[in-house]
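> Please see the structure below; I have some questions.
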Amino acid sequence: MPHASGLVGDDASSRDLVARAADALERLRARRPRVHCITNTVAQAYTANLLLAAGAVPSMTIAADEVAAFVAGADALLVNIGTLDEPRRAAIGIAIDAAAEAGIPWVLDPVFVDRSPGRATFGEALLAMRPTILRLNPSEFSTLSGLAAEPGQVARFARDSGAVVALTGKTDRIADATRLAAVANGHRWMTRITAMGCAGAALTAAFAAVEPDPWCATVAALVCLGVAGERAAVVSSGPGTLATAILDTLFDLDRKDLQERAKVS
Amino acid sequence: MPHASGLVGDDASSRDLVARAADALERLRARRPRVHCITNTVAQAYTANLLLAAGAVPSMTIAADEVAAFVAGADALLVNIGTLDEPRRAAIGIAIDAAAEAGIPWVLDPVFVDRSPGRATFGEALLAMRPTILRLNPSEFSTLSGLAAEPGQVARFARDSGAVVALTGKTDRIADATRLAAVANGHRWMTRITAMGCAGAALTAAFAAVEPDPWCATVAALVCLGVAGERAAVVSSGPGTLATAILDTLFDLDRKDLQERAKVS
Amino acid sequence: MPHASGLVGDDASSRDLVARAADALERLRARRPRVHCITNTVAQAYTANLLLAAGAVPSMTIAADEVAAFVAGADALLVNIGTLDEPRRAAIGIAIDAAAEAGIPWVLDPVFVDRSPGRATFGEALLAMRPTILRLNPSEFSTLSGLAAEPGQVARFARDSGAVVALTGKTDRIADATRLAAVANGHRWMTRITAMGCAGAALTAAFAAVEPDPWCATVAALVCLGVAGERAAVVSSGPGTLATAILDTLFDLDRKDLQERAKVS
C-alpha cells in the first residue's frame, strides 16, 4: 500500500487542497452543473436552495417514467434515502443505472441506515452499485461498514467499497483508497438544522460534476460548506438565522475566505 | 366531577405550571428524545427544524415496512393528516399500533378535518384509537367533537375522548378530564406562517416524551412556543423573519424568559 | 384583431394597471381567498408561506379521494408539475375537473416540461384542458408552444391557447388574446431561490380569485412579487435572507410601494 491511512497522500499533499477547492468553486459557478437529487421530502427545499446558492441547478423528480431522462441530462446525481417511500425506492434504481450509462458521478447518502433493518439491507444493495462518493455519520458508518467509526477505518472502508468515503462529524474524514484528509470547519449550530448533512451531500455531487477527482471534490464541498457556516455564524443568533445566512455566505464565498478559514489536513 | 371546567384543577394550581414547563424544557434538552413524525410534506422541514431547535431528534419516514421500527425506537409519535395521500394513511395505522405497543405517547393533529368528508371519517377513526393528546383549531374541533368551539366544551371533549385536548387560537385552551388551562402567549404573525400549528403539535409530542403528565406537557409546549414567538417578534419585520427567528429564540429559551412572559391561567 | 401584439391594449391603457394591482392586493387581504395548490414537494412550504404572507389561505392535499372537495371549497387552483409522481398526476385531472365545475380560475405552471418527453406530452394534455393562466420560463415556453420565446410570440400563444400567458424572466411578458404587458420588477437573486417561480404562479392564482380579469390578475401578481423582491433586497445579504425578507415585504406591501417602484408597460 503506497500510503499509510491516517496521512494525506502524496498526490494531495503535492498541491494545495484549499487552492484546488477554490478552483472547483469557481468552475461550479461558471459551468452551473445540473444535479439531479433523489432526496427525502424534508430536505428537498433546503437542498435546492443550497445548490442554487452555490451555482448549481437542481432537479428533484422521482417519477419512474422520467427520472432516467432527468439523470441523462444532469451532470451528477445524489441518492439520499431519508424518507424511503416506495416510489422513491423505485426511482433510485433507475437513476443509478442512468448515471452509470451517462458516466456521471453519483453520491450516496444512506440516511438513518442504522434505524431499520430494511433500510440497512437497501443501503448495502446501493453500496454494491458502486457510488462514486459515500457520505455518512458515525452510526450509519458502523452499520454499513461493520467497522468502528474511527479515522483509520474510513480509509479501510474506502478501499473495501471502492468509493470515496466521507465520515462527517465535528471533524470530517474523507478517504479514498490511498488518501485521507480531515476537514475541521463548521459550527455546532449546523447540527441543529435539518437537512444540513443531506444538502452537504448534494453539494458534494455538484463539486464532483466540475472536479474530476472525486476525493478532491468531496474535500472541496465540505470545506466550502464548513467555511460558509463559520462566516454565517458571525451574523446569526441561532440555528434558524444560521440556516438562512449559510445560503448568503455560500453564494458569495471566495478564495480569500477559504484561504483564511479552511482547516484541512 | 371534582373540578369545574373553566378552572385550573387543584393538582395544577398546587404547583407552578410555568416552573414545570421550564423543568420539562431542561429535560428535553438533556435527554434529546426522538420524535417520529408522520406529517404532511408542507410542514416537514419546519417541524424538523423546530424539534431540533428545542433539543429533540426528529425522524419522518412513512414507508410502511420501516415505520414500525422507527416508532419502536422513538420516545413519542406525531400523527398529522395535512396531506393525506395513500402511503401516509397506511403508515399512520402501523405507527399508532407501534406506539401503543411501545407505550409511548402520541399526538393527533387532525388538520383540515373540516374540509372533506373522507378526512372527517378518517379523523374520527384515529380519535377512536385514543391519542394521548389532540391538537386542533376551532373548525377542526367542531367537526370532530360535534360541539361548539368554546372553552367549556374543550373540557367536555377531553372527558368524552379520553385525550388531552388542546384547542389552539389567540388563547390556547388545554383540558384533560379534570383540568383546564389557558395559554395566551404568541404573536399574530404566527398565523401567517405555514406549519406553525403542525410544528407546535410536534413540539407537544417532544414534551410528552419527557413530561409524564400529558396535560402539563401540552401546556409546556404551547407556552414555550408562544414565548419564543413573542421574543422572536421583537427582532422580526414580518412573518418571514419571524419563522426563522423563532428557531433561534426556542433554541436559547430559558426559565427567566418563561417567568417573565408566560401568560398561563 | 383590434390590438397589435406588442402594445398594451386599449382596455388596459384606459386605466392604471398599477392602481388596479393595488386594488386587487387590498381585496386579496380583505377576502382571504382559498387557493388549492397541487404543487411539487420542493415548493410546497415556500408557496404556502408566500400565499399566507399575501393574505390567501393555502391547501395542498393531493389525495385522489379528497382533492375534489378541497377544490370545490377553494377560490382558485394552482397546478404545478414540478415533481410529477403518480398520485400527483391522478390528482391533477380530478382537480381541474372540479375547478371547471366550480367555475374558479386555475393556473398551470408546466415546470421542466422541456426536460422529459413524458412531461411534454402531459403538459400538452393539461394545456388542452384550458387553464385560465399559464406561467412558464423561456425553455418551457418553446417546448409547449413550438414558438420562439419572444415577446411577440407570447401574444400569439395566448391567442392559440386561449389562456393568459405569462412568460417570466428578467422582464415578464403577460399576454391575453388582445393585450400585452411587460413587468420589469424583481431582483437577480430571486433566480437563486428555489420555488420562487412556483410561488409566483400560486400568487397569480390568489390574485385571479379576487380580480375577475385574469390578465390584470397576472400583471398584479407579478408586479407585487417583483416589488416585494426589490424592497426585500435592500435589507438582504444574498438569496437566503432575500427569500425570507420577501415574505415580510409582501406582507406589508402597500399602494405607495407599487406606485414608486412598479415598472409596468
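Identifiers in the C-alpha cells: chain A, B, ... in order shown; residue index from 1 per chain; ligand index from 1 in order shown.
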Write out as a ChimeraX atom specification which residues come within 9 Å of range 39-50 of chain B when counting only C-alpha atoms, dropping same-chain ones fewer than 4 positions away.
/A:41-46,192-195,239-240 /B:54-60,62,78-84,88,109,194-196,198-203,243,246-247,250-251 /C:41-46,48,60-61
> Just the helix (DSSP H, G or I) stuff from range 49-222 of chain C, please, per backbone DSSP, written as number ranges by chain.
C: 49-54, 67-72, 86-102, 117-127, 138-145, 151-161, 188-192, 196-210, 214-222
> Near Asp248 in chain B, counting only C-alpha atoms, which residues have an atom at most 8 Å away, once you skip same-chain residues fewer than 4 positions from it, shown as a ChimeraX atom specification?
/A:237-241 /B:53,232,244,252
> With all heavy atoms retained, could you export that selection as a CSV table (one decimal), in the first residue's frame?

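Below is the file result24.csv, written as the result:
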chain,number,residue,atom,x,y,z
A,237,SER,N,-28.0,34.4,15.1
A,237,SER,CA,-28.3,34.3,16.6
A,237,SER,C,-28.7,33.0,17.0
A,237,SER,O,-29.2,32.8,18.2
A,237,SER,CB,-29.5,35.3,16.9
A,237,SER,OG,-29.2,36.6,16.3
A,238,GLY,N,-28.7,32.0,16.1
A,238,GLY,CA,-29.1,30.6,16.5
A,238,GLY,C,-29.2,29.8,15.2
A,238,GLY,O,-28.9,30.3,14.1
A,239,PRO,N,-29.8,28.6,15.3
A,239,PRO,CA,-29.8,27.7,14.1
A,239,PRO,C,-30.8,28.2,13.0
A,239,PRO,O,-30.5,27.9,11.8
A,239,PRO,CB,-30.3,26.4,14.7
A,239,PRO,CG,-30.9,26.7,16.0
A,239,PRO,CD,-30.2,27.9,16.5
A,240,GLY,N,-31.8,29.0,13.4
A,240,GLY,CA,-32.7,29.5,12.4
A,240,GLY,C,-32.1,30.5,11.4
A,240,GLY,O,-32.0,30.3,10.2
A,241,THR,N,-31.5,31.5,12.0
A,241,THR,CA,-30.8,32.5,11.2
A,241,THR,C,-29.6,32.0,10.5
A,241,THR,O,-29.2,32.3,9.4
A,241,THR,CB,-30.5,33.8,12.0
A,241,THR,OG1,-30.0,33.4,13.3
A,241,THR,CG2,-31.7,34.7,12.2
B,53,ALA,N,-34.3,22.6,17.2
B,53,ALA,CA,-34.0,23.8,17.9
B,53,ALA,C,-34.4,23.6,19.4
B,53,ALA,O,-33.7,24.1,20.3
B,53,ALA,CB,-34.8,25.0,17.4
B,232,ALA,N,-39.2,36.4,19.5
B,232,ALA,CA,-38.8,36.5,18.1
B,232,ALA,C,-39.3,37.7,17.4
B,232,ALA,O,-38.7,38.3,16.6
B,232,ALA,CB,-39.1,35.2,17.4
B,244,THR,N,-38.1,32.3,11.1
B,244,THR,CA,-36.7,32.0,11.3
B,244,THR,C,-36.3,32.3,12.7
B,244,THR,O,-35.6,31.5,13.3
B,244,THR,CB,-35.8,32.8,10.3
B,244,THR,OG1,-36.2,32.4,8.9
B,244,THR,CG2,-34.4,32.5,10.4
B,252,ASP,N,-32.6,29.0,22.5
B,252,ASP,CA,-32.0,29.5,23.8
B,252,ASP,C,-33.0,30.0,24.8
B,252,ASP,O,-32.6,30.8,25.7
B,252,ASP,CB,-30.9,30.5,23.4
B,252,ASP,CG,-31.4,31.9,23.0
B,252,ASP,OD1,-32.6,32.0,22.9
B,252,ASP,OD2,-30.6,32.8,22.7
> Please list as a PyMOL selection string every residue within 9 Å of range 89-96 of chain C, counting only C-alpha atoms and excluding residues in the same chain fewer than 5 positions away.
chain C and resi 36+38+61-65+67-68+70-72+77+79-81+84+101+106+122+126+129+131
> When you count only C-alpha atoms, which of these residues is closest to chain B: C:Asp114, C:Asp23, C:Asp16, C:Asp85?
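For chain B, the nearest of the candidates is C:Asp85.
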> Excluding Val183 in chain C and any residue of its chain fewer than 4 positions from it, enumerate the residues within 10 Å of it, using only C-alpha atoms, and give them as an mmCIF file with N, CA, C and O atoms, in the first residue's frame.

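Below is the file selection33.cif, written as the result:
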data_model
loop_
_atom_site.group_PDB
_atom_site.id
_atom_site.type_symbol
_atom_site.label_atom_id
_atom_site.label_comp_id
_atom_site.auth_asym_id
_atom_site.auth_seq_id
_atom_site.Cartn_x
_atom_site.Cartn_y
_atom_site.Cartn_z
ATOM 1 N N THR C 168 -42.107 34.391 -17.920
ATOM 2 C CA THR C 168 -41.355 35.094 -16.879
ATOM 3 C C THR C 168 -39.863 35.065 -17.163
ATOM 4 O O THR C 168 -39.348 34.147 -17.796
ATOM 5 N N GLY C 169 -39.185 36.075 -16.695
ATOM 6 C CA GLY C 169 -37.754 36.229 -16.909
ATOM 7 C C GLY C 169 -37.320 37.558 -16.331
ATOM 8 O O GLY C 169 -37.969 38.081 -15.425
ATOM 9 N N LYS C 170 -36.207 38.081 -16.832
ATOM 10 C CA LYS C 170 -35.750 39.382 -16.335
ATOM 11 C C LYS C 170 -36.877 40.412 -16.487
ATOM 12 O O LYS C 170 -37.156 41.193 -15.579
ATOM 13 N N THR C 171 -37.518 40.402 -17.643
ATOM 14 C CA THR C 171 -38.779 41.126 -17.826
ATOM 15 C C THR C 171 -39.869 40.094 -18.077
ATOM 16 O O THR C 171 -39.715 39.218 -18.924
ATOM 17 N N ASP C 172 -40.943 40.182 -17.313
ATOM 18 C CA ASP C 172 -42.076 39.279 -17.528
ATOM 19 C C ASP C 172 -42.962 39.836 -18.635
ATOM 20 O O ASP C 172 -43.187 41.061 -18.704
ATOM 21 N N ARG C 173 -43.480 38.969 -19.500
ATOM 22 C CA ARG C 173 -44.410 39.386 -20.556
ATOM 23 C C ARG C 173 -45.728 38.686 -20.302
ATOM 24 O O ARG C 173 -45.754 37.452 -20.159
ATOM 25 N N ILE C 174 -46.797 39.453 -20.238
ATOM 26 C CA ILE C 174 -48.105 38.885 -19.915
ATOM 27 C C ILE C 174 -49.067 39.230 -21.037
ATOM 28 O O ILE C 174 -49.341 40.417 -21.294
ATOM 29 N N VAL C 219 -50.782 40.381 -14.120
ATOM 30 C CA VAL C 219 -49.912 41.562 -14.011
ATOM 31 C C VAL C 219 -49.779 41.963 -12.538
ATOM 32 O O VAL C 219 -48.671 42.229 -12.046
ATOM 33 N N ALA C 220 -50.882 41.981 -11.836
ATOM 34 C CA ALA C 220 -50.865 42.388 -10.425
ATOM 35 C C ALA C 220 -49.966 41.481 -9.595
ATOM 36 O O ALA C 220 -49.144 41.948 -8.799
ATOM 37 N N LEU C 222 -47.460 39.549 -10.558
ATOM 38 C CA LEU C 222 -46.041 39.624 -10.889
ATOM 39 C C LEU C 222 -45.434 40.950 -10.465
ATOM 40 O O LEU C 222 -44.278 41.001 -10.041
ATOM 41 N N VAL C 223 -46.206 42.022 -10.546
ATOM 42 C CA VAL C 223 -45.667 43.313 -10.112
ATOM 43 C C VAL C 223 -45.540 43.343 -8.580
ATOM 44 O O VAL C 223 -44.547 43.856 -8.046
ATOM 45 N N GLY C 226 -42.502 41.188 -7.714
ATOM 46 C CA GLY C 226 -41.266 41.858 -8.116
ATOM 47 C C GLY C 226 -40.925 43.032 -7.212
ATOM 48 O O GLY C 226 -39.764 43.207 -6.810
ATOM 49 N N ALA C 262 -43.176 50.149 -9.283
ATOM 50 C CA ALA C 262 -43.668 49.303 -10.380
ATOM 51 C C ALA C 262 -43.099 49.768 -11.712
ATOM 52 O O ALA C 262 -43.077 50.966 -12.007
ATOM 53 N N LYS C 263 -42.627 48.782 -12.495
ATOM 54 C CA LYS C 263 -42.173 49.070 -13.861
ATOM 55 C C LYS C 263 -43.044 48.245 -14.798
ATOM 56 O O LYS C 263 -42.670 47.165 -15.239
ATOM 57 N N VAL C 264 -44.226 48.773 -15.084
ATOM 58 C CA VAL C 264 -45.194 48.080 -15.928
ATOM 59 C C VAL C 264 -45.361 48.873 -17.207
ATOM 60 O O VAL C 264 -45.477 50.098 -17.171
ATOM 61 N N SER C 265 -45.341 48.194 -18.332
ATOM 62 C CA SER C 265 -45.589 48.905 -19.597
ATOM 63 C C SER C 265 -46.333 47.979 -20.552
ATOM 64 O O SER C 265 -46.441 46.792 -20.307
#
> Please provide the set of residues having any atom within 9 Å of Leu258 in chain B, restricted to only C-alpha atoms, with same-chain residues fewer than 3 positions apart removed, written as a list in words.
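Final neighbour list, sorted by chain and number: Val18, Ala19, Ala21, Ala22, Val223, Cys224, Val227, Ala228, Leu253, Asp254, Arg255, Arg261, Ala262 and Lys263 of chain B.
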> Among the residues of range 21-174 of chain A, find those DSSP assigns to strand (DSSP E or B) from the backbone and print them as a list of chain:residue names.
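Here is the list: A:Arg34, A:Val35, A:His36, A:Cys37, A:Ile38, A:Val57, A:Pro58, A:Ser59, A:Ala76, A:Leu77, A:Leu78, A:Val79, A:Asn80, A:Trp106, A:Val107, A:Leu108, A:Asp109, A:Ile133, A:Leu134, A:Arg135, A:Leu136, A:Val164, A:Val165, A:Ala166, A:Leu167, A:Asp172, A:Arg173, A:Ile174.
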> May I have the selected residues written with N, CA, C and O atoms, as a tab-separated table (two decimals), in the first residue's frame?

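Resulting contents of selection-v3.tsv:
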chain	number	residue	atom	x	y	z
A	34	ARG	N	-25.93	20.73	-13.66
A	34	ARG	CA	-27.23	20.23	-13.22
A	34	ARG	C	-27.03	19.05	-12.28
A	34	ARG	O	-26.30	18.12	-12.61
A	35	VAL	N	-27.69	19.08	-11.15
A	35	VAL	CA	-27.59	18.00	-10.17
A	35	VAL	C	-28.98	17.43	-9.95
A	35	VAL	O	-29.87	18.14	-9.46
A	36	HIS	N	-29.18	16.18	-10.34
A	36	HIS	CA	-30.47	15.57	-10.05
A	36	HIS	C	-30.41	14.94	-8.67
A	36	HIS	O	-29.49	14.18	-8.35
A	37	CYS	N	-31.41	15.25	-7.84
A	37	CYS	CA	-31.41	14.81	-6.45
A	37	CYS	C	-32.63	13.94	-6.19
A	37	CYS	O	-33.76	14.41	-6.31
A	38	ILE	N	-32.39	12.70	-5.83
A	38	ILE	CA	-33.46	11.89	-5.27
A	38	ILE	C	-33.24	11.96	-3.78
A	38	ILE	O	-32.32	11.32	-3.24
A	57	VAL	N	-27.66	23.79	-10.58
A	57	VAL	CA	-29.08	23.82	-10.95
A	57	VAL	C	-29.71	22.49	-10.55
A	57	VAL	O	-29.42	21.46	-11.16
A	58	PRO	N	-30.56	22.49	-9.53
A	58	PRO	CA	-31.14	21.25	-9.04
A	58	PRO	C	-32.39	20.81	-9.81
A	58	PRO	O	-33.13	21.65	-10.32
A	59	SER	N	-32.62	19.50	-9.87
A	59	SER	CA	-33.92	18.95	-10.24
A	59	SER	C	-34.19	17.80	-9.29
A	59	SER	O	-33.26	17.23	-8.71
A	76	ALA	N	-24.50	15.31	-12.43
A	76	ALA	CA	-24.21	14.50	-11.23
A	76	ALA	C	-25.54	14.09	-10.62
A	76	ALA	O	-26.58	14.70	-10.90
A	77	LEU	N	-25.49	13.05	-9.79
A	77	LEU	CA	-26.70	12.51	-9.16
A	77	LEU	C	-26.47	12.38	-7.66
A	77	LEU	O	-25.40	11.96	-7.22
A	78	LEU	N	-27.50	12.73	-6.89
A	78	LEU	CA	-27.49	12.47	-5.44
A	78	LEU	C	-28.58	11.46	-5.12
A	78	LEU	O	-29.72	11.63	-5.57
A	79	VAL	N	-28.23	10.45	-4.35
A	79	VAL	CA	-29.22	9.49	-3.88
A	79	VAL	C	-29.21	9.52	-2.35
A	79	VAL	O	-28.23	9.15	-1.71
A	80	ASN	N	-30.32	10.02	-1.80
A	80	ASN	CA	-30.47	10.14	-0.34
A	80	ASN	C	-31.70	9.34	0.05
A	80	ASN	O	-32.75	9.47	-0.60
A	106	TRP	N	-22.05	9.81	-8.91
A	106	TRP	CA	-23.21	9.84	-8.01
A	106	TRP	C	-22.78	9.67	-6.56
A	106	TRP	O	-21.80	9.00	-6.26
A	107	VAL	N	-23.52	10.34	-5.71
A	107	VAL	CA	-23.22	10.38	-4.28
A	107	VAL	C	-24.33	9.66	-3.54
A	107	VAL	O	-25.51	9.91	-3.80
A	108	LEU	N	-23.94	8.77	-2.62
A	108	LEU	CA	-24.93	8.06	-1.79
A	108	LEU	C	-24.92	8.62	-0.38
A	108	LEU	O	-23.86	8.71	0.25
A	109	ASP	N	-26.10	8.98	0.12
A	109	ASP	CA	-26.26	9.46	1.49
A	109	ASP	C	-27.24	8.52	2.19
A	109	ASP	O	-28.46	8.68	2.09
A	133	ILE	N	-19.14	8.49	-4.43
A	133	ILE	CA	-18.86	9.07	-3.11
A	133	ILE	C	-19.95	8.62	-2.15
A	133	ILE	O	-21.12	8.53	-2.52
A	134	LEU	N	-19.55	8.36	-0.93
A	134	LEU	CA	-20.46	7.89	0.11
A	134	LEU	C	-20.31	8.84	1.29
A	134	LEU	O	-19.20	9.02	1.80
A	135	ARG	N	-21.41	9.46	1.72
A	135	ARG	CA	-21.33	10.36	2.87
A	135	ARG	C	-22.15	9.78	3.99
A	135	ARG	O	-23.33	9.44	3.76
A	136	LEU	N	-21.62	9.69	5.21
A	136	LEU	CA	-22.40	9.13	6.31
A	136	LEU	C	-21.90	9.64	7.65
A	136	LEU	O	-20.78	10.16	7.77
A	164	VAL	N	-15.16	6.99	-2.63
A	164	VAL	CA	-14.65	7.99	-1.69
A	164	VAL	C	-15.61	7.97	-0.50
A	164	VAL	O	-16.83	8.05	-0.69
A	165	VAL	N	-15.09	7.84	0.69
A	165	VAL	CA	-15.94	7.78	1.88
A	165	VAL	C	-15.74	9.04	2.70
A	165	VAL	O	-14.60	9.38	3.05
A	166	ALA	N	-16.84	9.73	2.98
A	166	ALA	CA	-16.78	10.93	3.83
A	166	ALA	C	-17.55	10.64	5.10
A	166	ALA	O	-18.78	10.52	5.09
A	167	LEU	N	-16.81	10.52	6.20
A	167	LEU	CA	-17.43	10.33	7.51
A	167	LEU	C	-17.55	11.72	8.13
A	167	LEU	O	-16.54	12.33	8.49
A	172	ASP	N	-14.65	16.25	9.73
A	172	ASP	CA	-14.99	15.33	8.64
A	172	ASP	C	-13.73	14.59	8.21
A	172	ASP	O	-12.64	15.20	8.12
A	173	ARG	N	-13.85	13.29	7.92
A	173	ARG	CA	-12.73	12.49	7.40
A	173	ARG	C	-13.10	12.04	6.00
A	173	ARG	O	-14.17	11.46	5.81
A	174	ILE	N	-12.24	12.30	5.04
A	174	ILE	CA	-12.53	11.96	3.65
A	174	ILE	C	-11.41	11.07	3.12
A	174	ILE	O	-10.26	11.50	3.05
> Can you work out which one of A:Leu225, A:Leu28, A:Ala74, A:Cys216 has the shortest atom-to-atom distance to Pro105 in chain A, counting only C-alpha atoms?
A:Ala74
> For Ala149 in chain C, which of C:Glu86, C:Gly186, C:Arg231, C:Asn137 is the closest residue, counting only C-alpha atoms?
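Smallest distance to Ala149 in chain C is found for C:Asn137.
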